[in-house]
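Engineer: Input upload17.cif, format and content: mmCIF, C-alpha atoms and all ligand atoms.
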```cif
data_target
#
loop_
_atom_site.label_atom_id
_atom_site.label_comp_id
_atom_site.auth_asym_id
_atom_site.auth_seq_id
_atom_site.Cartn_x
_atom_site.Cartn_y
_atom_site.Cartn_z
CA MET B 212 -3.32 22.02 -3.61
CA GLN B 213 -6.05 22.22 -6.24
CA ASN B 214 -7.57 18.85 -5.32
CA ASP B 215 -7.24 17.99 -1.64
CA LEU B 216 -10.35 15.79 -1.44
CA ILE B 217 -8.41 12.74 -0.32
CA ILE B 218 -6.62 14.61 2.48
CA ARG B 219 -9.89 16.04 3.79
CA ALA B 220 -11.69 12.68 3.50
CA ALA B 221 -8.83 10.93 5.34
CA LYS B 222 -9.18 13.43 8.20
CA GLY B 223 -12.93 12.86 8.31
CA GLU B 224 -13.76 16.35 7.00
CA GLN B 225 -16.61 17.29 4.69
CA VAL B 226 -16.02 16.66 0.94
CA GLU B 227 -18.04 17.56 -2.16
CA ARG B 228 -17.59 14.08 -3.64
CA THR B 229 -15.88 10.85 -2.68
CA PRO B 230 -12.19 10.85 -3.71
CA VAL B 231 -10.86 7.82 -5.56
CA TRP B 232 -7.53 6.15 -6.24
CA VAL B 233 -6.63 2.55 -7.00
CA MET B 234 -4.07 0.35 -5.29
CA ARG B 235 -1.36 -0.56 -7.82
CA GLN B 236 -2.63 2.14 -10.20
CA ALA B 237 0.91 2.93 -11.39
CA GLY B 238 2.30 0.24 -13.63
CA ARG B 239 1.19 -3.03 -15.15
CA ILE B 240 -2.24 -2.04 -16.51
CA LEU B 241 -1.03 0.98 -18.47
CA PRO B 242 0.47 0.54 -21.98
CA GLU B 243 2.57 3.67 -21.35
CA TYR B 244 4.13 1.97 -18.29
CA ARG B 245 4.80 -1.30 -20.13
CA GLU B 246 6.48 0.56 -22.94
CA LEU B 247 8.85 2.41 -20.61
CA ARG B 248 9.46 -0.70 -18.52
CA ALA B 249 10.41 -2.72 -21.63
CA SER B 250 13.15 -0.22 -22.46
CA LEU B 251 14.86 -0.70 -19.07
CA SER B 252 17.04 -3.42 -17.59
CA GLY B 253 14.56 -4.19 -14.85
CA PHE B 254 12.11 -3.12 -12.19
CA LYS B 255 14.82 -1.89 -9.83
CA GLU B 256 16.23 0.47 -12.44
CA LEU B 257 12.81 2.10 -12.70
CA VAL B 258 12.36 2.34 -8.92
CA GLU B 259 15.87 3.71 -8.40
CA THR B 260 15.80 6.34 -11.17
CA PRO B 261 13.82 9.24 -9.65
CA ASP B 262 13.03 10.92 -12.95
CA LEU B 263 11.49 7.73 -14.38
CA ALA B 264 9.76 6.76 -11.12
CA ALA B 265 8.15 10.23 -11.13
CA GLU B 266 7.02 9.73 -14.73
CA VAL B 267 5.17 6.46 -14.00
CA THR B 268 3.77 7.88 -10.76
CA ILE B 269 2.04 10.64 -12.75
CA GLN B 270 0.76 8.39 -15.58
CA PRO B 271 -2.42 7.29 -13.75
CA VAL B 272 -3.21 10.93 -12.83
CA ASP B 273 -3.09 11.89 -16.53
CA ILE B 274 -4.63 8.75 -18.00
CA LEU B 275 -7.08 7.54 -15.35
CA GLY B 276 -7.91 10.80 -13.56
CA VAL B 277 -7.35 9.53 -10.02
CA ASP B 278 -7.51 11.97 -7.09
CA ALA B 279 -4.00 11.09 -5.80
CA ALA B 280 -0.67 9.79 -7.10
CA ILE B 281 1.05 6.98 -5.16
CA ILE B 282 4.80 7.16 -5.43
CA PHE B 283 6.21 4.43 -7.67
CA SER B 284 8.38 2.19 -5.51
CA ASP B 285 8.00 -1.11 -3.65
CA ILE B 286 7.57 -2.22 -0.05
CA LEU B 287 10.75 -4.31 -0.47
CA VAL B 288 13.10 -1.31 -0.54
CA ILE B 289 13.18 -1.51 3.28
CA PRO B 290 14.82 -4.97 3.53
CA ASP B 291 17.08 -3.85 0.67
CA ALA B 292 18.22 -0.78 2.65
CA MET B 293 18.74 -2.92 5.77
CA GLY B 294 21.11 -5.26 3.94
CA LEU B 295 18.81 -7.90 2.42
CA PRO B 296 18.59 -7.04 -1.28
CA TYR B 297 15.65 -8.18 -3.39
CA GLU B 298 15.54 -9.12 -7.06
CA MET B 299 12.43 -8.87 -9.19
CA ILE B 300 12.16 -11.93 -11.41
CA LYS B 301 10.10 -11.59 -14.56
CA GLY B 302 6.86 -13.58 -14.38
CA LYS B 303 7.64 -14.73 -10.83
CA GLY B 304 7.89 -11.70 -8.57
CA PRO B 305 10.28 -10.84 -5.76
CA HIS B 306 13.17 -13.07 -4.72
CA PHE B 307 15.73 -12.64 -1.91
CA PRO B 308 19.05 -14.42 -2.53
CA GLU B 309 19.66 -14.25 1.22
CA THR B 310 16.99 -14.63 3.89
CA ILE B 311 16.72 -14.48 7.69
CA LYS B 312 17.48 -17.98 8.94
CA SER B 313 18.80 -17.40 12.45
CA VAL B 314 18.85 -14.90 15.27
CA ALA B 315 22.40 -13.96 14.20
CA ASP B 316 21.00 -12.92 10.81
CA ILE B 317 18.75 -10.39 12.58
CA ASP B 318 21.74 -8.83 14.32
CA LYS B 319 23.45 -8.40 10.94
CA LEU B 320 20.61 -6.20 9.61
CA ARG B 321 21.60 -2.54 9.47
CA PRO B 322 19.54 0.21 11.05
CA ILE B 323 18.87 2.89 8.43
CA ASP B 324 19.40 6.65 8.64
CA GLY B 325 17.31 7.25 5.54
CA SER B 326 20.08 8.18 3.11
CA GLU B 327 19.96 4.63 1.65
CA LEU B 328 16.58 5.44 0.12
CA LYS B 329 17.32 8.91 -1.19
CA TYR B 330 16.10 7.86 -4.64
CA VAL B 331 12.56 7.55 -3.23
CA TYR B 332 12.56 11.04 -1.70
CA ASP B 333 14.03 12.48 -4.90
CA ALA B 334 11.22 10.81 -6.88
CA ILE B 335 8.67 12.31 -4.46
CA GLU B 336 10.12 15.80 -4.89
CA ILE B 337 10.21 15.56 -8.68
CA THR B 338 6.65 14.19 -8.75
CA ARG B 339 5.39 16.96 -6.51
CA LYS B 340 7.01 19.64 -8.65
CA ARG B 341 5.65 18.18 -11.87
CA LEU B 342 2.15 17.74 -10.45
CA ASN B 343 2.24 21.36 -9.35
CA GLY B 344 -0.61 20.92 -6.89
CA ARG B 345 -2.98 18.99 -9.20
CA VAL B 346 -3.35 16.10 -6.70
CA PRO B 347 -1.55 15.02 -3.52
CA VAL B 348 1.22 12.40 -3.46
CA ILE B 349 0.69 9.31 -1.29
CA GLY B 350 3.73 7.76 0.38
CA PHE B 351 3.79 4.16 1.56
CA ALA B 352 5.62 1.37 3.32
CA GLY B 353 4.97 -2.29 4.07
CA ALA B 354 3.76 -3.23 7.54
CA PRO B 355 6.49 -4.88 9.62
CA PHE B 356 4.78 -8.29 9.57
CA THR B 357 4.40 -8.30 5.77
CA ILE B 358 8.08 -7.32 5.45
CA ILE B 359 9.26 -10.20 7.68
CA CYS B 360 7.19 -12.56 5.51
CA TYR B 361 9.51 -11.74 2.59
CA MET B 362 12.67 -11.56 4.71
CA ILE B 363 12.10 -15.05 6.11
CA GLU B 364 10.41 -16.74 3.16
CA GLY B 365 12.57 -15.06 0.50
CA GLN B 366 9.71 -14.97 -1.98
CA GLY B 367 5.93 -14.97 -2.24
CA SER B 368 3.94 -17.78 -0.64
CA LYS B 369 0.28 -18.71 -0.16
CA THR B 370 0.71 -19.49 3.53
CA PHE B 371 3.95 -17.80 4.64
CA SER B 372 4.28 -20.81 6.94
CA ASN B 373 8.02 -20.20 7.53
CA ALA B 374 7.32 -16.68 8.79
CA ARG B 375 4.44 -17.93 10.97
CA LYS B 376 6.67 -20.70 12.30
CA TRP B 377 9.05 -18.02 13.61
CA LEU B 378 6.27 -16.27 15.54
CA HIS B 379 5.59 -19.51 17.41
CA SER B 380 9.07 -20.95 17.82
CA GLU B 381 11.16 -17.75 18.17
CA PRO B 382 8.78 -15.15 19.60
CA ALA B 383 11.51 -13.01 21.21
CA ALA B 384 13.62 -12.97 18.04
CA SER B 385 10.49 -12.23 15.99
CA HIS B 386 9.78 -9.19 18.15
CA LYS B 387 13.37 -8.06 17.78
CA LEU B 388 13.13 -8.33 14.00
CA LEU B 389 9.76 -6.57 13.88
CA GLN B 390 11.13 -3.75 16.03
CA LYS B 391 14.15 -3.28 13.76
CA ILE B 392 11.87 -3.04 10.73
CA THR B 393 9.52 -0.67 12.56
CA ASP B 394 12.41 1.65 13.44
CA ALA B 395 13.59 1.66 9.82
CA THR B 396 10.05 2.23 8.54
CA ILE B 397 9.57 5.26 10.78
CA VAL B 398 12.84 6.82 9.55
CA TYR B 399 11.79 6.08 5.96
CA LEU B 400 8.27 7.52 6.26
CA ARG B 401 9.56 10.61 8.05
CA HIS B 402 11.85 11.28 5.06
CA GLN B 403 8.91 10.73 2.70
CA VAL B 404 6.90 13.34 4.63
CA ASN B 405 9.82 15.78 4.49
CA ALA B 406 10.02 15.21 0.73
CA GLY B 407 6.38 16.18 0.40
CA VAL B 408 3.92 13.27 0.65
CA SER B 409 0.50 14.48 1.83
CA LEU B 410 -0.59 11.18 3.34
CA PHE B 411 0.77 7.65 3.61
CA GLN B 412 -0.51 4.10 3.53
CA VAL B 413 0.90 1.09 5.37
CA PHE B 414 0.31 -2.16 3.40
CA ASP B 415 -0.13 -5.26 5.56
CA SER B 416 -0.74 -7.46 2.53
CA TRP B 417 -0.23 -10.82 4.28
CA ALA B 418 -1.99 -10.09 7.59
CA GLY B 419 -4.68 -12.56 6.50
CA VAL B 420 -2.45 -15.58 7.22
CA LEU B 421 -2.48 -14.79 10.97
CA SER B 422 -4.99 -15.34 13.76
CA GLU B 423 -6.54 -12.72 16.03
CA GLU B 424 -4.12 -13.67 18.80
CA LEU B 425 -0.99 -13.47 16.61
CA TYR B 426 -2.20 -10.26 15.00
CA ARG B 427 -2.66 -8.65 18.41
CA GLU B 428 0.80 -9.64 19.55
CA PHE B 429 2.90 -9.25 16.39
CA CYS B 430 1.13 -6.59 14.29
CA ILE B 431 -0.88 -4.08 16.31
CA PRO B 432 1.97 -2.75 18.54
CA TYR B 433 4.22 -2.09 15.54
CA LEU B 434 1.45 -0.57 13.41
CA ASN B 435 0.65 1.74 16.33
CA GLN B 436 4.27 2.79 16.75
CA ILE B 437 4.34 3.88 13.10
CA ALA B 438 1.04 5.82 13.31
CA ASP B 439 2.10 7.48 16.57
CA ALA B 440 5.51 8.49 15.22
CA ILE B 441 4.25 10.10 12.00
CA GLN B 442 1.48 12.50 12.88
CA GLU B 443 2.28 15.30 10.41
CA VAL B 444 0.09 13.90 7.63
CA PRO B 445 -2.98 11.61 7.64
CA SER B 446 -2.41 7.86 7.47
CA ILE B 447 -4.16 4.78 6.11
CA VAL B 448 -3.64 1.18 7.25
CA PHE B 449 -4.64 -1.68 4.94
CA SER B 450 -4.49 -5.17 6.41
CA LYS B 451 -5.65 -7.48 3.65
CA GLY B 452 -7.69 -10.45 4.87
CA ALA B 453 -7.49 -9.50 8.55
CA HIS B 454 -11.26 -9.62 9.10
CA PHE B 455 -10.62 -11.34 12.46
CA ALA B 456 -8.73 -8.22 13.66
CA MET B 457 -11.02 -5.43 12.45
CA ASN B 458 -12.02 -4.39 15.94
CA ASP B 459 -8.38 -3.86 16.96
CA ILE B 460 -7.51 -2.19 13.65
CA MET B 461 -10.41 0.25 14.01
CA GLN B 462 -8.97 1.35 17.37
CA THR B 463 -5.45 2.09 16.03
CA ASN B 464 -4.31 5.68 15.48
CA TYR B 465 -4.49 5.63 11.67
CA ASN B 466 -6.92 8.19 10.24
CA ALA B 467 -8.29 5.71 7.75
CA VAL B 468 -8.68 1.93 7.48
CA GLY B 469 -8.62 0.07 4.16
CA LEU B 470 -11.15 -2.72 3.66
CA ASP B 471 -10.82 -5.63 1.29
CA TRP B 472 -13.90 -6.78 -0.64
CA SER B 473 -14.82 -9.50 1.86
CA LEU B 474 -15.82 -6.94 4.50
CA ASN B 475 -19.18 -5.25 4.99
CA PRO B 476 -18.46 -1.50 5.33
CA ALA B 477 -21.54 -0.80 7.48
CA ALA B 478 -20.55 -3.49 9.98
CA VAL B 479 -16.94 -2.23 10.15
CA ARG B 480 -18.11 1.38 10.51
CA LYS B 481 -20.02 0.49 13.68
CA LEU B 482 -16.72 -0.50 15.36
CA ASN B 483 -15.58 3.15 15.25
CA PRO B 484 -17.85 5.59 13.37
CA LYS B 485 -15.21 8.37 13.47
CA LYS B 486 -12.72 6.53 11.24
CA THR B 487 -12.52 7.10 7.52
CA LEU B 488 -12.95 3.87 5.56
CA GLN B 489 -11.24 3.07 2.26
CA GLY B 490 -12.18 0.49 -0.35
CA ASN B 491 -13.44 -1.92 -1.39
CA LEU B 492 -14.63 -3.01 -4.85
CA ASP B 493 -13.55 -6.53 -5.73
CA PRO B 494 -10.91 -5.97 -8.46
CA THR B 495 -12.42 -8.82 -10.49
CA VAL B 496 -15.61 -6.76 -10.95
CA LEU B 497 -13.54 -4.83 -13.52
CA TYR B 498 -13.61 -7.86 -15.82
CA GLY B 499 -17.41 -7.45 -16.12
CA GLU B 500 -19.42 -5.61 -18.79
CA GLU B 501 -19.41 -1.80 -18.64
CA ALA B 502 -22.94 -1.52 -17.25
CA TYR B 503 -22.03 -4.06 -14.58
CA VAL B 504 -18.93 -2.10 -13.51
CA VAL B 505 -21.03 1.08 -13.19
CA GLU B 506 -23.73 -0.71 -11.20
CA LYS B 507 -21.23 -2.32 -8.81
CA ALA B 508 -19.30 0.94 -8.33
CA ASN B 509 -22.50 2.75 -7.36
CA GLU B 510 -23.53 -0.12 -5.09
CA MET B 511 -20.11 0.04 -3.41
CA LEU B 512 -20.46 3.81 -2.86
CA ARG B 513 -23.86 3.33 -1.21
CA SER B 514 -22.47 0.63 1.06
CA PHE B 515 -20.08 3.20 2.61
CA ALA B 516 -22.79 5.80 3.31
CA GLY B 517 -22.94 7.28 6.79
CA GLY B 518 -19.30 8.32 7.24
CA SER B 519 -16.09 9.38 5.53
CA HIS B 520 -14.98 7.29 2.57
CA ILE B 521 -12.05 7.10 0.15
CA ALA B 522 -13.03 4.93 -2.82
CA ASN B 523 -10.55 2.27 -3.90
CA LEU B 524 -10.49 -1.40 -4.83
CA GLY B 525 -10.42 -4.11 -2.16
CA HIS B 526 -6.82 -4.94 -3.22
CA GLY B 527 -4.46 -4.02 -6.05
CA VAL B 528 -5.78 -3.97 -9.61
CA TYR B 529 -4.83 -7.18 -11.44
CA PRO B 530 -2.27 -6.77 -14.24
CA ASP B 531 -4.49 -8.07 -17.07
CA THR B 532 -7.36 -5.67 -16.31
CA ASP B 533 -8.37 -3.41 -19.22
CA TRP B 534 -7.33 0.09 -18.09
CA ARG B 535 -10.50 1.49 -19.72
CA LYS B 536 -12.59 -0.42 -17.17
CA VAL B 537 -10.47 1.07 -14.40
CA LYS B 538 -11.14 4.52 -15.86
CA LEU B 539 -14.86 3.73 -16.07
CA TYR B 540 -14.80 2.79 -12.38
CA ILE B 541 -13.02 6.05 -11.51
CA ASP B 542 -15.35 8.17 -13.68
CA THR B 543 -18.38 6.54 -12.06
CA ILE B 544 -17.15 7.48 -8.60
CA LYS B 545 -16.24 11.01 -9.70
CA ASN B 546 -19.67 11.61 -11.26
CA HIS B 547 -21.35 10.87 -7.99
CA THR B 548 -22.04 13.72 -5.57
CA ILE B 549 -22.76 13.00 -1.94
O1 LIG B 601 0.55 2.05 -8.05
C1 LIG B 601 1.28 1.45 -7.27
O2 LIG B 601 0.82 0.98 -6.24
C2 LIG B 601 2.73 1.30 -7.65
C3 LIG B 601 3.72 1.20 -6.58
C4 LIG B 601 3.77 -0.15 -5.88
C5 LIG B 601 4.43 -1.31 -6.38
N1 LIG B 601 4.41 -2.26 -5.40
C6 LIG B 601 5.06 -1.44 -7.71
C7 LIG B 601 5.29 -2.79 -8.28
C8 LIG B 601 3.28 -0.46 -4.61
C9 LIG B 601 2.44 0.39 -3.68
C10 LIG B 601 3.71 -1.80 -4.33
C11 LIG B 601 3.43 -2.44 -3.03
C12 LIG B 601 3.73 -3.86 -2.86
N2 LIG B 601 4.79 -4.59 -3.34
C13 LIG B 601 2.98 -4.72 -2.01
C14 LIG B 601 1.77 -4.30 -1.21
C15 LIG B 601 0.57 -4.13 -2.05
C16 LIG B 601 -0.17 -5.39 -2.37
O3 LIG B 601 -0.41 -5.62 -3.57
O4 LIG B 601 -0.55 -6.11 -1.46
C17 LIG B 601 3.57 -6.00 -2.07
C18 LIG B 601 3.09 -7.25 -1.36
C19 LIG B 601 4.74 -5.89 -2.91
C20 LIG B 601 5.73 -6.94 -3.24
C21 LIG B 601 5.76 -7.21 -4.70
N3 LIG B 601 6.28 -6.35 -5.64
C22 LIG B 601 5.24 -8.34 -5.39
C23 LIG B 601 4.57 -9.53 -4.71
C24 LIG B 601 5.50 -8.16 -6.75
C25 LIG B 601 5.28 -9.14 -7.88
C26 LIG B 601 3.86 -9.28 -8.25
C27 LIG B 601 3.25 -8.01 -8.77
O5 LIG B 601 2.49 -7.42 -7.99
O6 LIG B 601 3.54 -7.61 -9.90
C28 LIG B 601 6.10 -6.88 -6.91
C29 LIG B 601 6.52 -6.26 -8.18
C30 LIG B 601 5.95 -4.93 -8.51
N4 LIG B 601 5.82 -3.89 -7.62
C31 LIG B 601 5.52 -4.49 -9.80
C32 LIG B 601 5.10 -3.16 -9.65
C33 LIG B 601 4.61 -2.24 -10.73
C34 LIG B 601 5.55 -5.33 -11.08
C35 LIG B 601 6.97 -5.47 -11.52
C36 LIG B 601 7.27 -5.13 -12.95
O7 LIG B 601 6.80 -4.13 -13.52
O8 LIG B 601 8.07 -5.88 -13.49
#
```
Let's see the structure in the file written out as structure tokens.
Ligand code: CP3

Structural biologist:
Amino acid sequence: MQNDLIIRAAKGEQVERTPVWVMRQAGRILPEYRELRASLSGFKELVETPDLAAEVTIQPVDILGVDAAIIFSDILVIPDAMGLPYEMIKGKGPHFPETIKSVADIDKLRPIDGSELKYVYDAIEITRKRLNGRVPVIGFAGAPFTIICYMIEGQGSKTFSNARKWLHSEPAASHKLLQKITDATIVYLRHQVNAGVSLFQVFDSWAGVLSEELYREFCIPYLNQIADAIQEVPSIVFSKGAHFAMNDIMQTNYNAVGLDWSLNPAAVRKLNPKKTLQGNLDPTVLYGEEAYVVEKANEMLRSFAGGSHIANLGHGVYPDTDWRKVKLYIDTIKNHTI
């Protein structure tokens, strides 16, 4: 591997400069992605065609100069493989024609052996071959709680109140569902590792709708099972909005913890100085003037001083961001030596 900065930083080893990648770097913001996407029948066709998925995975490495490629897929392939297919509706986002409405629906979900998601591993292998060691490939999966949000709600939501309702009114069934998803996620990530990912991230995008108590009961045990099961490569956990749970998250067995922009890196670092931290520029900074983007990127770097750091945004880049500002952010980080 010519550039293994991100792997070393994730493990807490010495690096010459802070590595950088951007959540949701593949897709949306790049004209090259939009052009390819427009020629296809839909999002799923892109995700399920390994050759094309590999192509869009590599685009941000070529165009933006990031230090890692994240495989082009979606967290929703897990419910899909378990028997709850998703659709991606233009301008609206994901939609599940069928959702989990009863305990019987949980029993109907299939355990996976991994073969259902072969297209993802094929895309990883093609990407790795084409990258030829330029940068590592990051694998990923959704955290079990974030996945049940979609399985129960059937679509996006501001509050995911139907999913939260289940945690209170059907706690035993909720645990059963979370365990099924955890088992499938472990099988899936193990196959990703075998196909050649050098690290993986677990996205708990909707953790912020919970409380400390619910997070401790319904998230931490499952996140830990995943980290404990996949030890071959370093891991990152990103629980967006879960500021109330940072102490618990900093004690999990992930090598690195992603921070959103609302968190103070120095304060989080004190909870466990050995952990690598990832983040956390507010993605809306990238709508500012060039000089402002540079100033804020440098400020962000300084705020992570005193321990290992992987630079990123505090959440995914927004679709209408000018990709040149994203590149400016990345160049600013790369021009900085520690
Ligand atoms: O660079 C990358 O990160 C690309 C791979 C990737 C996608 N989705 C592609 C995608 C990754 C890592 C994801 C993760 C994902 N998917 C998450 C967790 C990350 C986060 O942002 O919190 C979540 C919650 C989803 C579910 C999902 N998929 C939503 C809510 C949407 C619609 C809104 C949106 O983000 O566009 C998607 C669709 C989706 N996933 C697109 C892409 C490129 C846009 C679809 C299109 O091109 O038509």

Engineer: Might you pull out every residue within 12 Å of B:Leu539, with all atoms listed in the file counted and same-chain residues fewer than 6 positions away left off, and present them as a JSON list (two decimals) with C-alpha atoms, keeping the file's coordinate frame?

Structural biologist:
```json
[["chain", "number", "residue", "atom", "x", "y", "z"],
["B", 231, "VAL", "CA", -10.86, 7.82, -5.56],
["B", 274, "ILE", "CA", -4.63, 8.75, -18.00],
["B", 275, "LEU", "CA", -7.08, 7.54, -15.35],
["B", 276, "GLY", "CA", -7.91, 10.80, -13.56],
["B", 277, "VAL", "CA", -7.35, 9.53, -10.02],
["B", 496, "VAL", "CA", -15.61, -6.76, -10.95],
["B", 497, "LEU", "CA", -13.54, -4.83, -13.52],
["B", 498, "TYR", "CA", -13.61, -7.86, -15.82],
["B", 499, "GLY", "CA", -17.41, -7.45, -16.12],
["B", 500, "GLU", "CA", -19.42, -5.61, -18.79],
["B", 501, "GLU", "CA", -19.41, -1.80, -18.64],
["B", 502, "ALA", "CA", -22.94, -1.52, -17.25],
["B", 503, "TYR", "CA", -22.03, -4.06, -14.58],
["B", 504, "VAL", "CA", -18.93, -2.10, -13.51],
["B", 505, "VAL", "CA", -21.03, 1.08, -13.19],
["B", 506, "GLU", "CA", -23.73, -0.71, -11.20],
["B", 507, "LYS", "CA", -21.23, -2.32, -8.81],
["B", 508, "ALA", "CA", -19.30, 0.94, -8.33],
["B", 509, "ASN", "CA", -22.50, 2.75, -7.36],
["B", 533, "ASP", "CA", -8.37, -3.41, -19.22],
["B", 545, "LYS", "CA", -16.24, 11.01, -9.70],
["B", 546, "ASN", "CA", -19.67, 11.61, -11.26]]
```

Engineer: Between B:Arg321, B:Lys376, B:Arg345, B:Lys340, which is the closest to B:Ala395 once you count only C-alpha atoms?

Structural biologist: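 Using only C-alpha atoms, B:Ala395 sits closest to B:Arg321.
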
Engineer: Determine, counting all atoms listed in the file, which protein, DNA and RNA residues have an atom within 6 Å of an atom of stretch 399-416 of chain B; residues of the same chain fewer than 6 positions away are not included. Present the result as a PDB file with C-alpha atoms, in the frame of the given file.

Structural biologist:
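See part.pdb below for the written result:
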```
ATOM      1  CA  GLY B 325      17.310   7.250   5.540  1.00  0.00           C
ATOM      2  CA  TYR B 332      12.560  11.040  -1.700  1.00  0.00           C
ATOM      3  CA  GLU B 336      10.120  15.800  -4.890  1.00  0.00           C
ATOM      4  CA  PRO B 347      -1.550  15.020  -3.520  1.00  0.00           C
ATOM      5  CA  VAL B 348       1.220  12.400  -3.460  1.00  0.00           C
ATOM      6  CA  ILE B 349       0.690   9.310  -1.290  1.00  0.00           C
ATOM      7  CA  GLY B 350       3.730   7.760   0.380  1.00  0.00           C
ATOM      8  CA  PHE B 351       3.790   4.160   1.560  1.00  0.00           C
ATOM      9  CA  ALA B 352       5.620   1.370   3.320  1.00  0.00           C
ATOM     10  CA  GLY B 353       4.970  -2.290   4.070  1.00  0.00           C
ATOM     11  CA  ALA B 354       3.760  -3.230   7.540  1.00  0.00           C
ATOM     12  CA  THR B 357       4.400  -8.300   5.770  1.00  0.00           C
ATOM     13  CA  VAL B 444       0.090  13.900   7.630  1.00  0.00           C
ATOM     14  CA  PRO B 445      -2.980  11.610   7.640  1.00  0.00           C
ATOM     15  CA  SER B 446      -2.410   7.860   7.470  1.00  0.00           C
ATOM     16  CA  ILE B 447      -4.160   4.780   6.110  1.00  0.00           C
ATOM     17  CA  VAL B 448      -3.640   1.180   7.250  1.00  0.00           C
ATOM     18  CA  PHE B 449      -4.640  -1.680   4.940  1.00  0.00           C
ATOM     19  CA  SER B 450      -4.490  -5.170   6.410  1.00  0.00           C
ATOM     20  CA  LYS B 451      -5.650  -7.480   3.650  1.00  0.00           C
TER      21      LYS B 451
END
```

Engineer: Just the number, please: distance in Å from atom C16 of ligand LIG 601 (chain B) to atom CA of B:Val272, one decimal.

Structural biologist: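 That distance, rounded to one decimal, is 19.6 Å.
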
Engineer: Which residue out of B:Leu488, B:Met457, B:Leu247, B:Leu320 has the minimum interatomic distance to B:Gly517 when all atoms listed in the file are used?

Structural biologist: B:Leu488

Engineer: Could you give me, as JSON lines, every chain B residue with an atom at most 7 Å from ligand LIG 601 (chain B), plus its closest atom pair and distance in Å to one decimal, counting only C-alpha atoms and all ligand atoms, rows ordered by chain then number?

Structural biologist:
```
{"residue": "B:Met234", "atom": "CA", "partner": "B:LIG601", "partner_atom": "O2", "distance": 5.0}
{"residue": "B:Arg235", "atom": "CA", "partner": "B:LIG601", "partner_atom": "O2", "distance": 3.1}
{"residue": "B:Gln236", "atom": "CA", "partner": "B:LIG601", "partner_atom": "O1", "distance": 3.8}
{"residue": "B:Ala237", "atom": "CA", "partner": "B:LIG601", "partner_atom": "O1", "distance": 3.5}
{"residue": "B:Gly238", "atom": "CA", "partner": "B:LIG601", "partner_atom": "C33", "distance": 4.5}
{"residue": "B:Arg239", "atom": "CA", "partner": "B:LIG601", "partner_atom": "C33", "distance": 5.6}
{"residue": "B:Arg248", "atom": "CA", "partner": "B:LIG601", "partner_atom": "O7", "distance": 6.6}
{"residue": "B:Gly253", "atom": "CA", "partner": "B:LIG601", "partner_atom": "O8", "distance": 6.8}
{"residue": "B:Phe254", "atom": "CA", "partner": "B:LIG601", "partner_atom": "O8", "distance": 5.1}
{"residue": "B:Ile281", "atom": "CA", "partner": "B:LIG601", "partner_atom": "O1", "distance": 5.7}
{"residue": "B:Ile282", "atom": "CA", "partner": "B:LIG601", "partner_atom": "C3", "distance": 6.2}
{"residue": "B:Phe283", "atom": "CA", "partner": "B:LIG601", "partner_atom": "C3", "distance": 4.2}
{"residue": "B:Ser284", "atom": "CA", "partner": "B:LIG601", "partner_atom": "C3", "distance": 4.9}
{"residue": "B:Asp285", "atom": "CA", "partner": "B:LIG601", "partner_atom": "N1", "distance": 4.2}
{"residue": "B:Ile286", "atom": "CA", "partner": "B:LIG601", "partner_atom": "N2", "distance": 4.9}
{"residue": "B:Leu287", "atom": "CA", "partner": "B:LIG601", "partner_atom": "C20", "distance": 6.3}
{"residue": "B:Met299", "atom": "CA", "partner": "B:LIG601", "partner_atom": "C29", "distance": 6.5}
{"residue": "B:Lys301", "atom": "CA", "partner": "B:LIG601", "partner_atom": "O8", "distance": 6.2}
{"residue": "B:Lys303", "atom": "CA", "partner": "B:LIG601", "partner_atom": "C25", "distance": 6.7}
{"residue": "B:Gly304", "atom": "CA", "partner": "B:LIG601", "partner_atom": "C25", "distance": 3.7}
{"residue": "B:Pro305", "atom": "CA", "partner": "B:LIG601", "partner_atom": "C24", "distance": 5.6}
{"residue": "B:Phe351", "atom": "CA", "partner": "B:LIG601", "partner_atom": "C9", "distance": 6.6}
{"residue": "B:Gly353", "atom": "CA", "partner": "B:LIG601", "partner_atom": "C14", "distance": 6.5}
{"residue": "B:Gly367", "atom": "CA", "partner": "B:LIG601", "partner_atom": "C23", "distance": 6.1}
{"residue": "B:Phe414", "atom": "CA", "partner": "B:LIG601", "partner_atom": "C14", "distance": 5.3}
{"residue": "B:Ser416", "atom": "CA", "partner": "B:LIG601", "partner_atom": "O4", "distance": 4.2}
{"residue": "B:His526", "atom": "CA", "partner": "B:LIG601", "partner_atom": "O3", "distance": 6.5}
{"residue": "B:Gly527", "atom": "CA", "partner": "B:LIG601", "partner_atom": "O3", "distance": 5.0}
```

Engineer: Using only C-alpha atoms, which of B:Lys481, B:Lys536, B:His454, B:Lys387 sits nearest B:Pro494?

Structural biologist: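 Counting only C-alpha atoms, the residue closest to B:Pro494 is B:Lys536.
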
Engineer: Residues at most 10 Å from B:His547, counting all atoms listed in the file, excluding those fewer than 4 positions away in the same chain, as a PDB file with C-alpha atoms, keeping the file's coordinate frame?

Structural biologist:
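selection.pdb written:
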```pdb
ATOM      1  CA  GLU B 227     -18.040  17.560  -2.160  1.00  0.00           C
ATOM      2  CA  ARG B 228     -17.590  14.080  -3.640  1.00  0.00           C
ATOM      3  CA  THR B 229     -15.880  10.850  -2.680  1.00  0.00           C
ATOM      4  CA  ASN B 509     -22.500   2.750  -7.360  1.00  0.00           C
ATOM      5  CA  LEU B 512     -20.460   3.810  -2.860  1.00  0.00           C
ATOM      6  CA  ASP B 542     -15.350   8.170 -13.680  1.00  0.00           C
ATOM      7  CA  THR B 543     -18.380   6.540 -12.060  1.00  0.00           C
TER       8      THR B 543
END
```
